[in-house]
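Structure below is model.tsv: TSV, C-alpha atoms.
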```
chain	number	residue	atom	x	y	z
A	288	MET	CA	0.00	0.00	0.00
A	289	ALA	CA	1.58	3.27	-1.11
A	290	GLY	CA	-0.63	5.86	0.60
A	291	ILE	CA	-4.01	7.10	1.69
A	292	LYS	CA	-5.54	10.56	1.37
A	293	GLN	CA	-8.78	12.45	0.95
A	294	ARG	CA	-10.24	13.70	-2.31
A	295	THR	CA	-13.32	15.74	-3.05
A	296	LYS	CA	-15.27	15.03	-6.20
A	297	ARG	CA	-18.53	16.80	-7.03
A	298	GLY	CA	-18.83	18.00	-3.46
A	299	ILE	CA	-18.41	14.51	-1.97
A	300	THR	CA	-15.45	13.55	0.20
A	301	TYR	CA	-13.75	10.22	-0.50
A	302	HIS	CA	-10.94	8.31	1.17
A	303	VAL	CA	-8.55	7.07	-1.52
A	304	VAL	CA	-6.35	4.10	-0.62
A	305	ARG	CA	-3.54	3.56	-3.08
A	306	HIS	CA	-1.96	0.12	-3.54
A	307	GLN	CA	1.23	-0.80	-5.29
A	308	VAL	CA	2.05	-4.48	-5.71
A	309	GLY	CA	5.05	-5.05	-7.92
A	310	GLY	CA	4.69	-2.75	-10.92
A	311	LYS	CA	0.89	-2.51	-10.72
A	312	ARG	CA	-0.93	0.39	-9.10
A	313	SER	CA	-4.55	0.57	-8.04
A	314	GLU	CA	-6.85	2.79	-5.99
A	315	ASP	CA	-9.85	2.05	-3.77
A	316	TRP	CA	-12.33	4.87	-3.14
A	317	TYR	CA	-14.48	4.96	0.01
A	318	ARG	CA	-17.13	7.59	0.46
A	319	CYS	CA	-17.09	9.48	3.79
A	320	THR	CA	-20.64	9.99	5.06
A	321	HIS	CA	-19.72	11.92	8.22
A	322	LYS	CA	-20.19	15.67	8.54
A	323	THR	CA	-17.00	16.33	10.50
A	324	PRO	CA	-13.65	14.47	10.55
A	325	GLU	CA	-13.99	13.97	14.31
A	326	GLN	CA	-17.03	11.74	13.74
A	327	CYS	CA	-15.27	9.41	11.32
A	328	GLN	CA	-12.94	6.71	12.55
A	329	ARG	CA	-11.26	6.54	9.16
A	330	CYS	CA	-10.76	10.33	9.14
A	331	THR	CA	-9.26	10.45	12.63
A	332	GLY	CA	-6.88	7.62	11.78
A	333	MET	CA	-5.73	9.30	8.57
A	334	ALA	CA	-2.43	10.63	9.91
A	335	GLU	CA	-1.53	7.32	11.52
A	336	ALA	CA	-2.38	5.46	8.33
A	337	LYS	CA	-0.19	7.82	6.29
A	338	ARG	CA	2.74	7.28	8.67
A	339	ARG	CA	2.41	3.50	8.52
A	340	ALA	CA	2.00	3.60	4.74
A	341	ALA	CA	5.27	5.51	4.50
A	342	ASP	CA	6.94	2.86	6.66
A	343	LEU	CA	5.67	0.17	4.33
A	344	GLU	CA	7.26	1.85	1.33
A	345	ALA	CA	10.65	1.25	2.95
A	346	GLY	CA	9.85	-2.44	3.44
A	347	ILE	CA	9.59	-4.30	6.75
A	348	PRO	CA	9.36	-1.94	9.77
A	349	PRO	CA	12.71	-1.50	11.55
A	350	GLU	CA	11.56	-3.21	14.77
A	351	ILE	CA	11.15	-6.49	12.86
A	352	THR	CA	14.25	-8.30	11.60
A	353	PRO	CA	13.94	-9.51	7.98
A	354	GLY	CA	13.45	-13.27	7.85
A	355	SER	CA	12.10	-13.46	11.42
A	356	VAL	CA	8.52	-12.31	10.84
A	357	THR	CA	6.20	-14.45	12.94
A	358	ILE	CA	2.50	-15.08	12.40
A	359	ALA	CA	1.78	-12.66	15.27
A	360	ASN	CA	3.95	-9.95	13.62
A	361	LEU	CA	2.27	-10.54	10.29
A	362	TRP	CA	-1.19	-10.31	11.87
A	363	GLU	CA	-0.41	-6.91	13.42
A	364	LEU	CA	1.07	-5.56	10.19
A	365	TRP	CA	-1.81	-6.89	8.09
A	366	TRP	CA	-4.44	-5.67	10.53
A	367	THR	CA	-3.02	-2.17	11.00
A	368	ASN	CA	-2.11	-1.41	7.41
A	369	HIS	CA	-4.79	-3.25	5.49
A	370	VAL	CA	-7.88	-4.40	7.41
A	371	ALA	CA	-8.33	-1.47	9.80
A	372	VAL	CA	-7.81	1.07	7.01
A	373	ARG	CA	-10.20	-0.28	4.42
A	374	GLY	CA	-12.41	-2.74	6.32
A	375	LYS	CA	-16.09	-2.20	7.06
A	376	LYS	CA	-17.46	-2.77	10.54
A	377	SER	CA	-18.73	-6.23	9.62
A	378	THR	CA	-15.30	-7.11	8.17
A	379	LEU	CA	-13.50	-5.99	11.32
A	380	THR	CA	-15.85	-8.03	13.49
A	381	PHE	CA	-15.29	-11.13	11.35
A	382	TYR	CA	-11.48	-10.93	11.46
A	383	LYS	CA	-11.40	-10.17	15.18
A	384	SER	CA	-13.25	-13.42	15.80
A	385	GLN	CA	-10.47	-15.32	13.96
A	386	LYS	CA	-7.53	-13.84	15.89
A	387	GLN	CA	-7.67	-16.17	18.89
A	388	ARG	CA	-7.47	-19.28	16.73
A	389	ILE	CA	-4.71	-17.93	14.49
A	390	MET	CA	-2.64	-16.87	17.51
A	391	LEU	CA	-2.29	-20.55	18.44
A	392	ILE	CA	0.58	-20.52	15.91
A	393	GLY	CA	1.50	-16.88	16.54
A	394	ASP	CA	5.11	-17.66	17.54
A	395	HIS	CA	5.87	-19.57	14.33
A	396	VAL	CA	8.32	-17.83	11.98
A	397	VAL	CA	6.59	-17.62	8.60
A	398	ASP	CA	9.70	-18.28	6.50
A	399	SER	CA	10.36	-21.54	8.32
A	400	MET	CA	6.79	-22.83	8.26
A	401	THR	CA	5.71	-25.74	6.07
A	402	PRO	CA	2.29	-27.17	5.12
A	403	VAL	CA	2.82	-29.71	7.91
A	404	HIS	CA	2.64	-26.91	10.49
A	405	VAL	CA	-0.65	-25.73	8.98
A	406	ASN	CA	-2.09	-29.25	9.03
A	407	ASP	CA	-1.03	-29.66	12.67
A	408	TRP	CA	-2.79	-26.38	13.48
A	409	ILE	CA	-5.98	-27.62	11.81
A	410	ALA	CA	-5.73	-30.89	13.74
A	411	LEU	CA	-5.34	-28.92	16.98
A	412	LEU	CA	-8.46	-26.84	16.23
A	413	THR	CA	-10.36	-30.04	15.48
A	414	ALA	CA	-9.23	-31.60	18.76
A	415	MET	CA	-10.40	-28.46	20.59
A	416	GLY	CA	-13.91	-29.11	19.29
A	417	HIS	CA	-14.21	-26.40	16.66
A	418	PRO	CA	-16.63	-27.37	13.84
A	419	PRO	CA	-15.30	-27.69	10.28
A	420	ALA	CA	-17.11	-24.53	9.12
A	421	ARG	CA	-15.36	-22.42	11.76
A	422	ILE	CA	-11.96	-23.99	11.01
A	423	ASN	CA	-12.43	-23.29	7.30
A	424	ARG	CA	-13.15	-19.62	8.05
A	425	SER	CA	-9.95	-19.39	10.10
A	426	LEU	CA	-7.98	-21.13	7.34
A	427	ARG	CA	-9.36	-18.69	4.78
A	428	THR	CA	-8.29	-15.79	7.00
A	429	LEU	CA	-4.78	-17.25	7.39
A	430	LYS	CA	-4.45	-17.68	3.64
A	431	THR	CA	-5.56	-14.10	3.03
A	432	MET	CA	-3.08	-12.77	5.56
A	433	LEU	CA	-0.16	-14.79	4.18
A	434	ARG	CA	-0.98	-13.82	0.61
A	435	ARG	CA	-0.99	-10.16	1.61
A	436	GLY	CA	2.32	-10.62	3.42
A	437	VAL	CA	3.90	-12.05	0.28
A	438	GLN	CA	2.56	-9.17	-1.83
A	439	LEU	CA	4.02	-6.55	0.52
A	440	GLY	CA	7.38	-8.31	0.79
A	441	PHE	CA	7.16	-9.23	4.48
A	442	THR	CA	7.73	-12.89	3.64
A	443	HIS	CA	8.34	-15.08	0.61
A	444	ASN	CA	6.68	-18.16	2.09
A	445	HIS	CA	3.01	-19.14	1.84
A	446	PRO	CA	2.75	-22.48	3.69
A	447	ALA	CA	-1.07	-22.61	3.53
A	448	GLN	CA	-1.38	-21.95	-0.19
A	449	PHE	CA	-2.33	-25.51	-1.15
A	450	THR	CA	-3.99	-26.61	2.11
A	451	GLN	CA	-7.43	-28.03	1.42
A	452	LYS	CA	-10.38	-26.98	3.53
A	453	LEU	CA	-12.21	-29.52	5.65
A	454	LYS	CA	-15.34	-31.21	4.37
A	455	GLU	CA	-18.35	-29.71	6.10
A	456	PRO	CA	-21.28	-31.95	7.04
A	457	PRO	CA	-24.64	-31.14	5.46
A	458	PRO	CA	-27.00	-29.03	7.56
A	459	LEU	CA	-29.11	-31.06	9.95
A	460	ARG	CA	-32.24	-28.97	9.58
A	461	GLY	CA	-34.16	-29.34	6.37
A	462	PRO	CA	-37.30	-27.44	5.40
A	463	GLN	CA	-39.28	-26.76	8.57
A	464	MET	CA	-43.06	-26.50	8.67
A	465	HIS	CA	-44.48	-24.55	11.60
A	466	GLN	CA	-48.08	-24.83	12.72
A	467	PRO	CA	-50.41	-21.78	12.55
A	468	ALA	CA	-50.18	-21.57	16.34
A	469	THR	CA	-46.43	-20.99	16.08
A	470	VAL	CA	-46.87	-18.22	13.52
A	471	ALA	CA	-49.61	-16.72	15.73
A	472	GLN	CA	-47.22	-16.79	18.67
A	473	LEU	CA	-44.66	-14.79	16.68
A	474	VAL	CA	-47.34	-12.31	15.59
A	475	ALA	CA	-48.51	-11.88	19.19
A	476	HIS	CA	-45.03	-10.73	20.24
A	477	ALA	CA	-44.70	-8.20	17.40
A	478	GLU	CA	-45.11	-4.77	18.97
A	479	LEU	CA	-45.85	-3.00	15.68
A	480	LEU	CA	-48.69	-3.77	13.28
A	481	ARG	CA	-46.15	-3.47	10.46
A	482	ASP	CA	-43.98	-6.24	11.90
A	483	ALA	CA	-46.96	-8.54	12.48
A	484	THR	CA	-48.10	-7.96	8.90
A	485	ILE	CA	-44.67	-8.81	7.46
A	486	ILE	CA	-44.66	-12.13	9.34
A	487	ARG	CA	-48.20	-13.03	8.24
A	488	VAL	CA	-47.50	-12.09	4.61
A	489	ALA	CA	-44.34	-14.22	4.52
A	490	ALA	CA	-46.14	-17.23	6.02
A	491	GLY	CA	-49.12	-16.71	3.71
A	492	SER	CA	-47.32	-16.16	0.40
A	493	GLY	CA	-43.94	-17.90	0.53
A	494	ALA	CA	-42.17	-14.67	-0.44
A	495	ARG	CA	-38.56	-14.05	0.54
A	496	VAL	CA	-37.84	-11.26	2.99
A	497	SER	CA	-36.29	-9.10	0.24
A	498	GLU	CA	-39.45	-9.55	-1.86
A	499	VAL	CA	-41.76	-8.68	1.04
A	500	LEU	CA	-39.86	-5.46	1.79
A	501	ALA	CA	-40.10	-4.40	-1.89
A	502	LEU	CA	-43.88	-4.90	-2.18
A	503	GLU	CA	-46.00	-2.09	-3.62
A	504	PRO	CA	-49.81	-1.73	-3.33
A	505	LYS	CA	-50.18	-2.51	-7.04
A	506	HIS	CA	-48.76	-5.98	-6.34
A	507	VAL	CA	-51.55	-6.82	-3.86
A	508	ASN	CA	-54.92	-8.14	-5.04
A	509	ILE	CA	-57.24	-8.88	-2.12
A	510	ALA	CA	-60.53	-7.68	-3.63
A	511	LYS	CA	-62.15	-11.12	-3.43
A	512	ARG	CA	-61.76	-13.00	-0.16
A	513	GLY	CA	-60.47	-16.53	-0.57
A	514	PHE	CA	-58.84	-15.71	-3.90
A	515	GLY	CA	-56.15	-13.18	-2.95
A	516	LYS	CA	-53.09	-12.90	-5.16
A	517	LEU	CA	-49.64	-11.43	-4.68
A	518	THR	CA	-47.45	-10.43	-7.62
A	519	LEU	CA	-43.73	-10.76	-6.97
A	520	GLU	CA	-41.50	-9.11	-9.56
A	521	GLN	CA	-38.87	-7.20	-7.57
A	522	GLN	CA	-36.80	-7.32	-4.40
A	523	ALA	CA	-34.87	-4.83	-2.26
A	524	GLU	CA	-31.10	-5.30	-2.26
A	525	ARG	CA	-29.90	-5.86	1.28
A	526	SER	CA	-27.01	-3.40	1.47
A	527	THR	CA	-28.26	-0.51	-0.67
A	528	ARG	CA	-32.08	-1.10	-0.66
A	529	ARG	CA	-31.91	-0.69	-4.43
A	530	ILE	CA	-34.90	-2.27	-6.21
A	531	ILE	CA	-33.77	-5.11	-8.47
A	532	SER	CA	-35.35	-8.12	-10.16
A	533	THR	CA	-36.30	-11.16	-8.13
A	534	LYS	CA	-33.86	-14.03	-7.69
A	535	GLY	CA	-35.21	-15.95	-10.66
A	536	TYR	CA	-35.56	-12.81	-12.84
A	537	GLU	CA	-39.18	-13.78	-13.49
A	538	ARG	CA	-42.44	-12.20	-12.47
A	539	ARG	CA	-44.76	-14.60	-10.68
A	540	THR	CA	-48.20	-14.48	-9.10
A	541	VAL	CA	-48.76	-16.57	-5.98
A	542	PRO	CA	-51.96	-17.47	-4.13
A	543	LEU	CA	-52.34	-15.46	-0.94
A	544	LEU	CA	-53.71	-17.27	2.09
A	545	ASP	CA	-56.63	-15.60	3.87
A	546	ASP	CA	-54.65	-14.79	7.02
A	547	ALA	CA	-52.10	-12.84	4.99
A	548	ALA	CA	-54.85	-11.12	2.98
A	549	ASP	CA	-56.59	-10.02	6.18
A	550	ALA	CA	-53.30	-8.67	7.54
A	551	LEU	CA	-52.69	-6.61	4.39
A	552	ALA	CA	-56.28	-5.34	4.42
A	553	ALA	CA	-55.77	-4.03	7.97
A	554	TRP	CA	-52.31	-2.57	7.30
A	555	LEU	CA	-52.68	-0.82	3.93
A	556	PRO	CA	-55.04	1.96	5.13
A	557	LYS	CA	-52.73	2.66	8.10
A	558	ARG	CA	-49.35	2.56	6.38
A	559	PRO	CA	-47.33	5.82	6.22
A	560	LYS	CA	-48.31	7.98	3.27
A	561	GLY	CA	-45.96	9.43	0.70
A	562	SER	CA	-44.22	6.17	-0.23
A	563	ARG	CA	-44.86	3.71	-3.01
A	564	PHE	CA	-43.96	0.72	-0.82
A	565	VAL	CA	-46.24	-1.34	1.38
A	566	PHE	CA	-43.62	-1.38	4.16
A	567	PRO	CA	-41.77	1.93	3.83
A	568	GLY	CA	-38.77	3.08	5.80
A	569	PRO	CA	-38.39	6.50	7.46
A	570	ASP	CA	-37.07	8.06	4.23
A	571	GLY	CA	-39.89	6.73	2.05
A	572	GLY	CA	-37.83	3.94	0.52
A	573	PRO	CA	-38.30	0.26	1.33
A	574	LEU	CA	-37.77	-0.77	4.94
A	575	SER	CA	-34.10	-1.54	5.57
A	576	TYR	CA	-33.21	-5.22	5.79
A	577	TYR	CA	-31.00	-4.55	8.81
A	578	THR	CA	-33.81	-2.68	10.58
A	579	TRP	CA	-36.13	-5.62	9.99
A	580	GLU	CA	-33.46	-8.12	11.08
A	581	LYS	CA	-33.20	-6.37	14.47
A	582	ARG	CA	-36.98	-6.38	14.87
A	583	TRP	CA	-37.21	-10.04	13.83
A	584	SER	CA	-34.51	-11.08	16.33
A	585	ARG	CA	-36.36	-9.30	19.14
A	586	ILE	CA	-39.69	-10.91	18.19
A	587	ARG	CA	-38.18	-14.41	18.18
A	588	ARG	CA	-36.45	-13.83	21.50
A	589	ASP	CA	-39.59	-12.52	23.19
A	590	ALA	CA	-41.64	-15.41	21.82
A	591	GLY	CA	-39.07	-17.99	22.99
A	592	LEU	CA	-38.60	-19.23	19.40
A	593	SER	CA	-35.00	-18.17	18.71
A	594	GLU	CA	-34.33	-21.25	16.56
A	595	ILE	CA	-36.87	-20.22	13.89
A	596	THR	CA	-35.54	-18.48	10.79
A	597	PHE	CA	-37.53	-16.16	8.56
A	598	HIS	CA	-36.94	-18.48	5.61
A	599	GLU	CA	-38.85	-21.21	7.47
A	600	LEU	CA	-42.01	-19.14	7.07
A	601	ARG	CA	-41.52	-19.74	3.34
A	602	ASP	CA	-41.23	-23.49	3.98
A	603	THR	CA	-44.40	-23.29	6.06
A	604	TYR	CA	-46.31	-21.84	3.10
A	605	ALA	CA	-44.95	-24.51	0.74
A	606	THR	CA	-45.98	-27.30	3.11
A	607	VAL	CA	-49.49	-25.89	3.56
A	608	MET	CA	-49.93	-25.77	-0.23
A	609	ILE	CA	-48.61	-29.33	-0.63
A	610	ASP	CA	-51.05	-30.60	1.98
A	611	ALA	CA	-53.81	-28.80	0.08
A	612	GLY	CA	-52.96	-30.79	-3.05
A	613	ALA	CA	-50.54	-28.52	-4.92
A	614	LYS	CA	-48.47	-30.26	-7.58
A	615	GLU	CA	-44.72	-29.91	-8.05
A	616	ALA	CA	-45.16	-27.76	-11.17
A	617	HIS	CA	-47.33	-25.26	-9.32
A	618	LEU	CA	-44.99	-25.20	-6.35
A	619	LYS	CA	-41.98	-24.60	-8.62
A	620	THR	CA	-43.63	-21.44	-9.97
A	621	TRP	CA	-44.83	-20.13	-6.62
A	622	MET	CA	-41.48	-20.71	-4.87
A	623	ALA	CA	-39.46	-19.40	-7.87
A	624	HIS	CA	-37.31	-22.52	-8.12
A	625	SER	CA	-35.18	-22.93	-11.23
A	626	THR	CA	-36.27	-26.53	-11.86
A	627	VAL	CA	-38.81	-29.02	-10.59
A	628	GLU	CA	-35.87	-31.08	-9.31
A	629	THR	CA	-35.04	-28.26	-6.89
A	630	THR	CA	-38.61	-28.27	-5.60
A	631	TYR	CA	-38.60	-32.03	-5.23
A	632	LYS	CA	-35.23	-31.98	-3.45
A	633	HIS	CA	-36.56	-29.50	-0.85
A	634	TYR	CA	-39.97	-31.00	-0.25
A	635	ALA	CA	-39.72	-34.64	-1.41
A	636	ALA	CA	-40.56	-36.08	2.00
A	637	ARG	CA	-43.68	-33.96	2.28
A	638	ILE	CA	-44.77	-34.52	-1.33
A	639	GLU	CA	-44.40	-38.30	-1.16
A	640	GLY	CA	-45.72	-38.86	2.37
A	641	SER	CA	-45.71	-42.17	4.20
A	642	ASP	CA	-47.60	-45.28	3.04
A	643	ASP	CA	-50.17	-44.84	5.82
A	644	GLU	CA	-50.80	-41.21	4.87
A	645	ILE	CA	-51.28	-42.08	1.20
A	646	GLN	CA	-53.60	-44.96	2.08
A	647	ALA	CA	-55.67	-42.77	4.41
A	648	VAL	CA	-56.10	-40.10	1.70
A	649	ALA	CA	-57.05	-42.74	-0.90
A	650	ASN	CA	-59.64	-44.29	1.40
A	651	LYS	CA	-61.08	-40.88	2.26
A	652	ARG	CA	-61.48	-39.97	-1.40
A	653	GLN	CA	-63.00	-43.35	-2.20
A	654	ARG	CA	-65.60	-42.92	0.57
A	655	ALA	CA	-66.39	-39.44	-0.72
A	656	ARG	CA	-67.04	-40.76	-4.24
A	657	ALA	CA	-69.24	-43.55	-2.87
A	658	ALA	CA	-71.27	-41.04	-0.86
A	659	LYS	CA	-71.94	-38.96	-3.98
A	660	LYS	CA	-73.37	-42.00	-5.80
```
Please go through the file and, once you have read it, give me the structure as structure tokens.
Amino acid sequence: MAGIKQRTKRGITYHVVRHQVGGKRSEDWYRCTHKTPEQCQRCTGMAEAKRRAADLEAGIPPEITPGSVTIANLWELWWTNHVAVRGKKSTLTFYKSQKQRIMLIGDHVVDSMTPVHVNDWIALLTAMGHPPARINRSLRTLKTMLRRGVQLGFTHNHPAQFTQKLKEPPPLRGPQMHQPATVAQLVAHAELLRDATIIRVAAGSGARVSEVLALEPKHVNIAKRGFGKLTLEQQAERSTRRIISTKGYERRTVPLLDDAADALAAWLPKRPKGSRFVFPGPDGGPLSYYTWEKRWSRIRRDAGLSEITFHELRDTYATVMIDAGAKEAHLKTWMAHSTVETTYKHYAARIEGSDDEIQAVANKRQRARAAKK
């Protein structure tokens, strides 16, 4: 990294981080959204970042002897001059969680390390009871740090370059169907009518959270009770709230269950005016995903159902429709799956049913036909 400074373009202040690796130069621009430099952590650390960037131009800092850089030294250099300068808050939180595991080999000199040392470290993490997914995240962080160290000339050795990640077991929880009482319990702990409506719409339409947040009144058709429809053609991007096409890039119309239709009928007249969205945010745009995530976490905690995910409301809708007699082709369209095989893979157990269930349904239908005659 060759330097960092501020630039103003069209009245907007940016932080420009310059990189120089070998003969190639590049720049990363980060917009500063704070009104004063004192409010911005990146602004207040500008002078320190410039000083450290100047030290990097001369090579390894003088307090570290060339050829004796340890993993702990490399972590500090990489963190101070790369992660802390350009990282977002979520990035900083992620890497901080990896430090304790990486420091288990902190006293190893990088130039003398071999892939055997890395494999021994992985075996130690496994023996300590860390799951494969967590170990793979730590390994990915170690690889990123070593690669950056090689680029900046701190070391010429990358012992983890060809280390394979561990095989992660498949998730234990498949599609989960929750009873109406469970959904009602979540709704009862929603303090705002808006939050209760979002939950009921998700459980009654199978829409993803990004699709629910991007709904507009023109997408809702609840004129005839029992035959409500919801048109899903757009979603709100999580980070920017920008309106984009749905995941499958196709417009679809899904049947709306009566509970969700009733919730929308009660909410639409009371929603804030001046916005084109059914669930608007304070600025008139769609409700922020992160705002909803905080509300959803609080609702689950208060209801004592912390293990439930929002996506399981979508599985609940699919299961209700299967039990009502929906075919795989219909379900593929409503759930916006790319192929019928995807639908079958998710809900095969529910679609097929047990032998006793199939026999009971067949007998019930046969008795119904006999009664009509």
request  = Using only C-alpha atoms, find all polymer residues with an atom at most 10 Å away from the point (-2.3, -15.8, 15.5); report them as a ChimeraX atom specification.
outcome  = /A:357-363,385-395,429
inquiry  = One decimal, in Å: what's the spacing between atom CA of A:Thr540 and atom CA of A:Ala553?
reply    =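 Distance between the two atoms: 21.4 Å.
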I'd like a table as CSV: residues in stretch 507-603 of chain A with an atom no more than 10 Å from stretch 610-629 of chain A, each row giving the shortest atom pair and its distance in Å to one decimal, all atoms listed in the file counted, sorted by chain and rising residue number.
```
residue,atom,partner,partner_atom,distance
A:Leu519,CA,A:Trp621,CA,9.4
A:Thr533,CA,A:Ala623,CA,8.8
A:Lys534,CA,A:Ala623,CA,7.8
A:Gly535,CA,A:Ala623,CA,6.1
A:Tyr536,CA,A:Ala623,CA,9.1
A:Glu537,CA,A:Ala623,CA,8.0
A:Arg538,CA,A:Ala623,CA,9.0
A:Arg539,CA,A:Trp621,CA,6.9
A:Thr540,CA,A:Trp621,CA,7.0
A:Val541,CA,A:Trp621,CA,5.3
A:Pro542,CA,A:Trp621,CA,8.0
A:Arg601,CA,A:Met622,CA,8.3
A:Asp602,CA,A:Met622,CA,9.3
```
message = For a quick check of understanding, using all atoms listed in the file, which of A:Glu580, A:Asp545, A:Asp482, A:Glu594 has the smallest distance to A:Gly515?
response = A:Asp545
Taking all atoms of stretch 376-387 of chain A that appear in the file, build a box with edges along x, y and z, extend it by 5 Å on every side, and state its centre and edge lengths in Å to one decimal, as AutoDock Vina command-line options.
```
--center_x -13.1 --center_y -9.5 --center_z 13.5 --size_x 21.2 --size_y 23.4 --size_z 20.7
```
task = Calculate how many Å separate atom CA of A:Val488 from atom CA of A:Val607, rounding to one decimal.
result =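 It comes out at 14.0 Å.
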note = Expressed in Å, the length from atom CA of A:Leu480 to atom CA of A:Leu574 is 14.1 Å
key: Contact residues around stretch 584-590 of chain A with only C-alpha atoms at 9 Å, ignoring same-chain residues under 4 positions, as an MDAnalysis selection string   = chainID A and resid 472:478 482 579:580 594:596
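Among the candidates A:Arg512, A:Arg421, A:His443, A:Arg481, the residue lying nearest to A:Val356 is A:His443 (atoms considered: only C-alpha atoms).
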Near-A:Pro556 list (12 Å; all atoms listed in the file; drop same-chain fewer than 3 positions) as a ChimeraX atom specification = /A:480-481,504,550-553,559-560,565-566
